[in-house]
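Single-structure report; data block below.
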Amino acid sequence: MNYLRKLSAINHITRALSITSRKNSHFSPLTVLSDDELMMKETFAKFAREKIAPKVREMEQNHKQDPEIIKGLFENGFMGIEIGEEYGGSGLNFMCSILAVEELSKVDNSISVLVDIQNTLINALIAKLGTPEQKKKYLTKLATSSVGSFALSEPSSGSDAFAMKTTAKKDGNHYVINGTKMWISNSDLADVFLLMANADPSKGYKGITTFILEKNMEGLSIGKKEDKLGLVASGTCMIHLDNVRVPEENILGEFGKGYAYAAGFLNEGRIGIGAQMVGCAQGAFDATIPYLLERKQFGQNIYDFQGMQFQIAEVATQIEAGRLLTYNAARLQEAGKPFLKEAAMAKLFCSRMAQFVSSQCVDWMGGVGFTKDFPQEKFYRDSKASTIYEGTSNIQMSTIAKIIRKEYSS
């Protein structure tokens, strides 16, 4: 039994008391966590400090995630947070996934990307759409040993994801898939792929179907890692599909509903990106404030200059605002309420906020902040991807505006 499952079992005893307490206190502030969530948050933070932090610089230099850290993520249940215990998962809630991403991002965003995609996209899709046979086969692997990857984007279809050219042609009880996927995170490590392909181009985007692929399928090959600005330890590669034969039973969900699944589940992923950027900003801030309290110029520490205090107050407020937007979207998801607008707002705001905060932290550090001897420059580089992946900032603004129009037109 992994560590998170042990904690989950213990917490079943106190959960009723926690629920009663919440009822008696009416509505809790967004940042007040349940006993389960608080213990998970502390567990994620401890693992990040003790296991990940000592390896961050080495992973950055090697452009590769440490295998022992990945092993530890599985052993501690971080890769199957919401997967049911019957499949070897931790059986926890969506908020715990968000807390995991936030806490890991305070130390290393490359590792948090791995955990984020696994929990908010791969596991969630199979758990909610999979057949009993698919769940037994794949959720068990994903909870205990196998990394998953989400393959949607292509060289000619980024924001316009449904203009994809990858096809899946029926051949007996198999589909033959041909095409190329690009910018696929974690594809260098993945054993399981959720891949979108058009199985009926005559229907346009309504022919797009989700397939479960495995790394060892003949005709599937992974390209070289992209040489990126940030998140350099996180592998981002092209996937080449040359007559890959996929059994018909590996269709996930309904035929032709891939476009809807991708759009819907990416909304949950966007809450995860919000959590990544809250963690990224908080990590940069936490690494910088002690320096400002210690470093002296003109006879006093830097923190005591009023101009600096105004900047620090602004940054702290921005981080807290991003956290509240993210937690609110997560709570709406858990409650089964509409959260599309709130998820887009969280991603939009937090992506911009993390870039602002990390840039400020580099400035506050002065010359040393521009060197790789301190972590601020890495937080700054890692923050940039957030305005691009899982929906650009322009796409988020378009989504928000469409929902506002609908709200005021109804």
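Ordering of the structure tokens sets the chain letters (A, B, ...), residue numbers begin anew at 1 in every chain, and ligands are numbered from 1 in the order given.
By only C-alpha atoms, and with residues fewer than 2 positions from Ile208 (chain A) along its chain excluded, the set lying at most 7 Å from it is Met196, Ala197, Asn198, Ala199, Tyr205, Lys206, Thr210, Gly256, Lys257, Gly258 and Tyr259 of chain A.
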Do you know which residues are at most 10 Å from region 403-407 of chain A counting only C-alpha atoms, after dropping those on the same chain fewer than 3 positions away, and could you put them as a PyMOL selection string?
chain A and resi 340-341+398-400+410
Requested write-out: N, CA and C atoms of the selected residues, as a short mmCIF file (atom, residue, chain, number, x, y, z; two decimals), in the first residue's frame:
```cif
data_model
loop_
_atom_site.label_atom_id
_atom_site.label_comp_id
_atom_site.auth_asym_id
_atom_site.auth_seq_id
_atom_site.Cartn_x
_atom_site.Cartn_y
_atom_site.Cartn_z
N LEU A 340 -15.76 26.06 -16.65
CA LEU A 340 -14.99 26.38 -17.85
C LEU A 340 -14.41 27.79 -17.79
N LYS A 341 -15.25 28.77 -17.46
CA LYS A 341 -14.78 30.16 -17.40
C LYS A 341 -13.74 30.32 -16.30
N SER A 398 -10.50 34.23 -25.36
CA SER A 398 -11.63 33.99 -26.26
C SER A 398 -12.70 33.16 -25.55
N THR A 399 -12.27 32.14 -24.81
CA THR A 399 -13.20 31.29 -24.07
C THR A 399 -13.98 32.10 -23.04
N ILE A 400 -13.26 32.90 -22.28
CA ILE A 400 -13.89 33.72 -21.23
C ILE A 400 -14.91 34.68 -21.86
N SER A 410 -28.52 35.58 -22.24
CA SER A 410 -29.58 34.63 -21.85
C SER A 410 -30.66 35.31 -21.03
#
```
Give me, as JSON lines, the closest atom pair and its distance (Å, one decimal) for every residue of region 362-382 of chain A within a cut-off of 10 Å of region 228-235 of chain A, counting only C-alpha atoms, rows sorted by chain and rising number.
```
{"residue": "A:Glu377", "atom": "CA", "partner": "A:Gly230", "partner_atom": "CA", "distance": 9.8}
{"residue": "A:Lys378", "atom": "CA", "partner": "A:Gly230", "partner_atom": "CA", "distance": 7.2}
{"residue": "A:Phe379", "atom": "CA", "partner": "A:Gly230", "partner_atom": "CA", "distance": 8.5}
{"residue": "A:Tyr380", "atom": "CA", "partner": "A:Gly230", "partner_atom": "CA", "distance": 8.3}
{"residue": "A:Arg381", "atom": "CA", "partner": "A:Gly230", "partner_atom": "CA", "distance": 4.7}
{"residue": "A:Asp382", "atom": "CA", "partner": "A:Gly230", "partner_atom": "CA", "distance": 4.4}
```
Print the selection's residues with N, CA and C atoms to a file, as a short mmCIF file (atom, residue, chain, number, x, y, z; two decimals), in the first residue's frame.
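The file below, out04.cif, is the result:
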```cif
data_model
loop_
_atom_site.label_atom_id
_atom_site.label_comp_id
_atom_site.auth_asym_id
_atom_site.auth_seq_id
_atom_site.Cartn_x
_atom_site.Cartn_y
_atom_site.Cartn_z
N GLU A 377 16.28 32.35 -11.99
CA GLU A 377 16.27 32.36 -13.46
C GLU A 377 15.56 31.13 -14.02
N LYS A 378 15.64 30.01 -13.31
CA LYS A 378 14.95 28.79 -13.76
C LYS A 378 13.43 28.95 -13.62
N PHE A 379 12.99 29.50 -12.50
CA PHE A 379 11.55 29.75 -12.35
C PHE A 379 11.07 30.68 -13.47
N TYR A 380 11.89 31.67 -13.80
CA TYR A 380 11.52 32.63 -14.86
C TYR A 380 11.38 31.91 -16.20
N ARG A 381 12.33 31.07 -16.54
CA ARG A 381 12.26 30.35 -17.82
C ARG A 381 11.11 29.35 -17.84
N ASP A 382 10.93 28.65 -16.73
CA ASP A 382 9.87 27.64 -16.68
C ASP A 382 8.47 28.24 -16.78
#
```
I need the residues of region 56-275 of chain A that end up classed as alpha helix (DSSP H) by DSSP on the backbone, written out as a PyMOL selection string.
chain A and resi 56-62+67-75+94-105+109-117+124-129+132-134+140-144+258-275
